[in-house]
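Colleague: This structure is in structure tokens; I'll ask about it shortly.
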Amino acid sequence: MKPTDIQISFQSQISNAFALSVDARVPGTGITGIFGHSGSGKTTLLRCIAGLHRAAGSLIVAGIPWQDAATFVPTHKRSLGYVFQEQSLLLHLSVDGNLDYVVRRSSQPIDQSSRDSIVHQLGIGGLLSRSPANLSGGERQRVAIARALMRQPELLLMDEPLASLDVAHREEILPYLETLHESLAIPMLYVSHASDEIARIADHMLVMEQGRIVDSGDVASVMNASAFTRATQDDIGVLITGEINERDAHWHLDQVRFKGGQIWVRSHPERNVGDELRIRILARDISLSLSKHDDSSFLNRLMATIIDITTEEHPAMQRVILDVGGSTLLARLTSRSVDHLKLEIGTAVVAQIKSVAVVN
């Protein structure tokens with residue numbers, strides 16, 4: 001355990017039907033994603049950390065007790081920023097006025113350079129004179145994040161900040177969260193039920209079920225573990241980190257090299273050759289064949305060996321675990337297909353993956 005780590009221990013009967021039982025240590029740097037089904041306790045845990053709900057237990061942030069048997073620091077005295085799903089901006093003030101409102105009430109003064117840096121990182125410089133009522137949902141949420149950072153907090157809490165946004169506005173905000181990930185010196189706890197958000201920005205991850213943490217660790221190892229695949233149900237897959245080693249400008253594709261081979265994915269103007277890239281490959285987007293076929297639309301064909309086959313909850317479906325040069329992939333096939341191809345542990349196959357399906 002490092003001195004900067006966050007130690008969380010809560011044991012509390014929240015209601016007749018729900019109890020929170022959490023004992024975890026969270027890194028004091030980077031982004032920790034908190035993932036689980038609706039009702040798993042994600043928001044309740046965040047509210048306890050914020051002091052909005054007083055649960056029995058203890059909370060130590062960067063070596064300072066915010067809660068223990070003798071201490072309970074009230075919410076307004078905790079050095080934290082909190083971003084909710086619904087933005088609570090003050091409509092009678094401009095964007096700049098909303099930022100000033102927080103700065104004037106913060107116990108940690110912020111210098112102009114730091115303020116300008118936050119405004120720049122979240123791309124709201126052109127919005128400062130506007131009313132929140134005239135902003136898009138994505139713009140309002142960026143202002144809400146900036147406002148939380150103006151407090152100069154030691155911990156940033158984000159509770160489903162993109163859940164109320166449509167796909168276009170979610171994609172608008174995610175690059176700004178990636179920028180914050182690279183520049184923030186404080187830890188962020190990011191609650192979401194969207195696995196693609198966590199895969200994109202998180203370093204560490206907690207998986208919650210029924211008020212308990214059922215798995216934790218670095219995001220790649222957790223996403224590839226059984227607790228996460230149970231929590232995601234149909235959205236199972238693996239997270240792979242690779243490097244962009246080639247760009248096809250004509251077809252707008254990037255080739256990502258990882259230890260199992262190369263995968264073509266859609267290119268984006270903010271990425272360059274040599275950049276590290278996370279890609280998430282969902283089991284439903286992989287098909288298997290016993291030999292290579294060049295007369296198909298699949299751009300990605302990886303040689304693989306089956307290391308396990310398990311029947312899912314519905315007997316029509318089976319989960320096939322593949323070894324691809326030391327990396328693991330998952331495929332979901334019908335039981336009929338497994339039988340037709342006579343697949344078994346040790347069978348050599350070709351894993352075919354659509355480039356348009358890869359989440360990156």
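Identifiers in this document derive from the order of the structure tokens: chains are assigned A, B, ..., residues are numbered from 1 separately in each chain, and ligands are numbered from 1 in order of occurrence.
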If you take only C-alpha atoms and a cut-off of 12 Å, which residues of region 145-194 of chain A touch region 23-39 of chain A, and what are their nearest atom pairs and distances in Å to one decimal, in chain and number order, as a Markdown table?

Modeller:
| residue | atom | partner | partner_atom | distance |
| --- | --- | --- | --- | --- |
| A:Glu154 | CA | A:Gly28 | CA | 9.4 |
| A:Leu155 | CA | A:Gly28 | CA | 8.7 |
| A:Leu156 | CA | A:Ile31 | CA | 9.3 |
| A:Leu157 | CA | A:Thr32 | CA | 9.9 |
| A:Met158 | CA | A:Gly33 | CA | 9.6 |
| A:Asp159 | CA | A:Ile34 | CA | 9.3 |
| A:Glu160 | CA | A:Ile34 | CA | 9.9 |
| A:Ala163 | CA | A:Ser38 | CA | 11.9 |
| A:Leu177 | CA | A:Ile31 | CA | 9.9 |
| A:Glu178 | CA | A:Ile31 | CA | 9.9 |
| A:Thr179 | CA | A:Gly30 | CA | 11.8 |
| A:Leu180 | CA | A:Gly30 | CA | 9.5 |
| A:His181 | CA | A:Gly30 | CA | 6.4 |
| A:Glu182 | CA | A:Gly30 | CA | 8.2 |
| A:Ser183 | CA | A:Gly30 | CA | 9.4 |
| A:Leu184 | CA | A:Gly30 | CA | 7.6 |
| A:Ala185 | CA | A:Thr29 | CA | 6.7 |
| A:Ile186 | CA | A:Thr29 | CA | 5.7 |
| A:Pro187 | CA | A:Thr29 | CA | 4.4 |
| A:Met188 | CA | A:Ile31 | CA | 4.8 |
| A:Leu189 | CA | A:Thr32 | CA | 5.0 |
| A:Tyr190 | CA | A:Gly33 | CA | 4.7 |
| A:Val191 | CA | A:Ile34 | CA | 4.7 |
| A:Ser192 | CA | A:Phe35 | CA | 5.5 |
| A:His193 | CA | A:Phe35 | CA | 5.5 |
| A:Ala194 | CA | A:Phe35 | CA | 7.7 |

Colleague: Generate the output file for the selected residues, N, CA, C and O atoms, as an mmCIF file, in the first residue's frame.

Modeller:
data_model
loop_
_atom_site.group_PDB
_atom_site.id
_atom_site.type_symbol
_atom_site.label_atom_id
_atom_site.label_comp_id
_atom_site.auth_asym_id
_atom_site.auth_seq_id
_atom_site.Cartn_x
_atom_site.Cartn_y
_atom_site.Cartn_z
ATOM 1 N N GLU A 154 -8.599 17.009 -3.723
ATOM 2 C CA GLU A 154 -7.644 15.903 -3.624
ATOM 3 C C GLU A 154 -8.216 14.619 -4.214
ATOM 4 O O GLU A 154 -7.492 13.645 -4.414
ATOM 5 N N LEU A 155 -9.520 14.633 -4.489
ATOM 6 C CA LEU A 155 -10.200 13.464 -5.045
ATOM 7 C C LEU A 155 -11.355 13.947 -5.910
ATOM 8 O O LEU A 155 -12.110 14.830 -5.512
ATOM 9 N N LEU A 156 -11.491 13.358 -7.110
ATOM 10 C CA LEU A 156 -12.584 13.715 -8.011
ATOM 11 C C LEU A 156 -13.505 12.510 -8.161
ATOM 12 O O LEU A 156 -13.069 11.409 -8.509
ATOM 13 N N LEU A 157 -14.803 12.717 -7.879
ATOM 14 C CA LEU A 157 -15.813 11.670 -7.999
ATOM 15 C C LEU A 157 -16.713 11.986 -9.187
ATOM 16 O O LEU A 157 -17.205 13.115 -9.311
ATOM 17 N N MET A 158 -16.930 10.997 -10.038
ATOM 18 C CA MET A 158 -17.802 11.191 -11.204
ATOM 19 C C MET A 158 -18.814 10.056 -11.233
ATOM 20 O O MET A 158 -18.449 8.885 -11.340
ATOM 21 N N ASP A 159 -20.089 10.413 -11.122
ATOM 22 C CA ASP A 159 -21.164 9.426 -11.027
ATOM 23 C C ASP A 159 -21.971 9.393 -12.327
ATOM 24 O O ASP A 159 -22.824 10.244 -12.559
ATOM 25 N N GLU A 160 -21.674 8.422 -13.172
ATOM 26 C CA GLU A 160 -22.370 8.261 -14.454
ATOM 27 C C GLU A 160 -22.454 9.591 -15.208
ATOM 28 O O GLU A 160 -23.537 10.006 -15.640
ATOM 29 N N ALA A 163 -24.185 9.294 -18.701
ATOM 30 C CA ALA A 163 -25.354 8.426 -18.850
ATOM 31 C C ALA A 163 -26.546 9.134 -19.476
ATOM 32 O O ALA A 163 -27.345 8.507 -20.177
ATOM 33 N N LEU A 177 -11.988 13.661 -21.273
ATOM 34 C CA LEU A 177 -11.676 12.829 -20.105
ATOM 35 C C LEU A 177 -10.324 12.144 -20.283
ATOM 36 O O LEU A 177 -9.568 11.976 -19.318
ATOM 37 N N GLU A 178 -10.014 11.749 -21.510
ATOM 38 C CA GLU A 178 -8.696 11.158 -21.774
ATOM 39 C C GLU A 178 -7.586 12.177 -21.525
ATOM 40 O O GLU A 178 -6.534 11.838 -20.981
ATOM 41 N N THR A 179 -7.829 13.431 -21.911
ATOM 42 C CA THR A 179 -6.847 14.484 -21.660
ATOM 43 C C THR A 179 -6.649 14.696 -20.160
ATOM 44 O O THR A 179 -5.514 14.836 -19.672
ATOM 45 N N LEU A 180 -7.762 14.707 -19.402
ATOM 46 C CA LEU A 180 -7.659 14.847 -17.949
ATOM 47 C C LEU A 180 -6.888 13.681 -17.353
ATOM 48 O O LEU A 180 -6.079 13.861 -16.432
ATOM 49 N N HIS A 181 -7.124 12.492 -17.873
ATOM 50 C CA HIS A 181 -6.433 11.303 -17.385
ATOM 51 C C HIS A 181 -4.922 11.489 -17.476
ATOM 52 O O HIS A 181 -4.166 11.086 -16.590
ATOM 53 N N GLU A 182 -4.462 12.114 -18.558
ATOM 54 C CA GLU A 182 -3.032 12.291 -18.765
ATOM 55 C C GLU A 182 -2.450 13.410 -17.906
ATOM 56 O O GLU A 182 -1.269 13.397 -17.596
ATOM 57 N N SER A 183 -3.296 14.381 -17.518
ATOM 58 C CA SER A 183 -2.759 15.580 -16.865
ATOM 59 C C SER A 183 -3.076 15.678 -15.372
ATOM 60 O O SER A 183 -2.361 16.368 -14.634
ATOM 61 N N LEU A 184 -4.140 15.017 -14.909
ATOM 62 C CA LEU A 184 -4.546 15.171 -13.512
ATOM 63 C C LEU A 184 -3.536 14.525 -12.559
ATOM 64 O O LEU A 184 -3.099 13.403 -12.784
ATOM 65 N N ALA A 185 -3.219 15.238 -11.501
ATOM 66 C CA ALA A 185 -2.326 14.686 -10.482
ATOM 67 C C ALA A 185 -3.104 14.079 -9.327
ATOM 68 O O ALA A 185 -2.507 13.579 -8.371
ATOM 69 N N ILE A 186 -4.437 14.114 -9.413
ATOM 70 C CA ILE A 186 -5.280 13.587 -8.334
ATOM 71 C C ILE A 186 -6.013 12.337 -8.823
ATOM 72 O O ILE A 186 -6.200 12.150 -10.026
ATOM 73 N N PRO A 187 -6.433 11.477 -7.897
ATOM 74 C CA PRO A 187 -7.197 10.298 -8.309
ATOM 75 C C PRO A 187 -8.630 10.654 -8.680
ATOM 76 O O PRO A 187 -9.205 11.613 -8.157
ATOM 77 N N MET A 188 -9.190 9.869 -9.596
ATOM 78 C CA MET A 188 -10.573 10.031 -9.991
ATOM 79 C C MET A 188 -11.281 8.679 -9.829
ATOM 80 O O MET A 188 -10.764 7.657 -10.263
ATOM 81 N N LEU A 189 -12.451 8.687 -9.187
ATOM 82 C CA LEU A 189 -13.313 7.507 -9.122
ATOM 83 C C LEU A 189 -14.462 7.732 -10.089
ATOM 84 O O LEU A 189 -15.226 8.691 -9.948
ATOM 85 N N TYR A 190 -14.573 6.844 -11.067
ATOM 86 C CA TYR A 190 -15.490 7.048 -12.188
ATOM 87 C C TYR A 190 -16.503 5.916 -12.216
ATOM 88 O O TYR A 190 -16.170 4.777 -12.551
ATOM 89 N N VAL A 191 -17.747 6.226 -11.856
ATOM 90 C CA VAL A 191 -18.820 5.226 -11.843
ATOM 91 C C VAL A 191 -19.475 5.168 -13.210
ATOM 92 O O VAL A 191 -19.825 6.199 -13.794
ATOM 93 N N SER A 192 -19.646 3.954 -13.737
ATOM 94 C CA SER A 192 -20.335 3.793 -15.010
ATOM 95 C C SER A 192 -20.828 2.357 -15.163
ATOM 96 O O SER A 192 -20.208 1.423 -14.654
ATOM 97 N N HIS A 193 -21.939 2.217 -15.875
ATOM 98 C CA HIS A 193 -22.403 0.877 -16.255
ATOM 99 C C HIS A 193 -22.004 0.580 -17.697
ATOM 100 O O HIS A 193 -22.329 -0.489 -18.233
ATOM 101 N N ALA A 194 -21.292 1.530 -18.337
ATOM 102 C CA ALA A 194 -20.865 1.367 -19.726
ATOM 103 C C ALA A 194 -19.419 0.887 -19.755
ATOM 104 O O ALA A 194 -18.491 1.649 -19.461
#

Colleague: Which of region 203-336 of chain A end up as helix (DSSP H, G or I) when DSSP is run on this backbone - answer as JSON, numbers by chain?

Modeller: {"A": [219, 220, 221, 222, 223, 226, 227, 228, 229, 230, 231, 232, 233, 234, 235, 283, 284, 285, 335, 336]}

Colleague: Taking only region 40-88 of chain A into account, list the residues labelled strand (DSSP E or B) by DSSP (computed from the backbone), as a count of residues only.

Modeller: 14

Colleague: I'd like the neighbourhood of Val273 (chain A) as a count of residues only, where a residue qualifies if any of its atoms comes within 9 Å (using only C-alpha atoms), though same-chain residues fewer than 3 positions away should be ignored.

Modeller: 8

Colleague: For a test of reading the model, state the distance in Å between CA of Val119 (chain A) and CA of Val102 (chain A), rounded to one decimal.

Modeller: 14.0 Å

Colleague: Which residues come within 10 Å of region 211-221 of chain A, counting only C-alpha atoms, excluding same-chain residues fewer than 4 positions away, as a ChimeraX atom specification?

Modeller: /A:10-14,18-27,31-36,39-42,44-45,198-207,225-228,231,238-241,278,280

Colleague: Go ahead and compute the interatomic distance for CA of Ser355 (chain A) and CA of His250 (chain A), in Å to one decimal.

Modeller: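 These two atoms are separated by 15.3 Å.
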
Colleague: Nearest to Ser164 (chain A): which of A:Asn98, A:Gln262, A:Gln210, A:Gln87 is it, counting only C-alpha atoms?

Modeller: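 Closest to Ser164 (chain A) of all the choices is A:Gln87.
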
Colleague: May I ask for the distance between CA of Thr334 (chain A) and CA of Val356 (chain A), given in Å to one decimal place?

Modeller: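 Answer for the CA of Thr334 (chain A) to CA of Val356 (chain A) separation: 22.2 Å.
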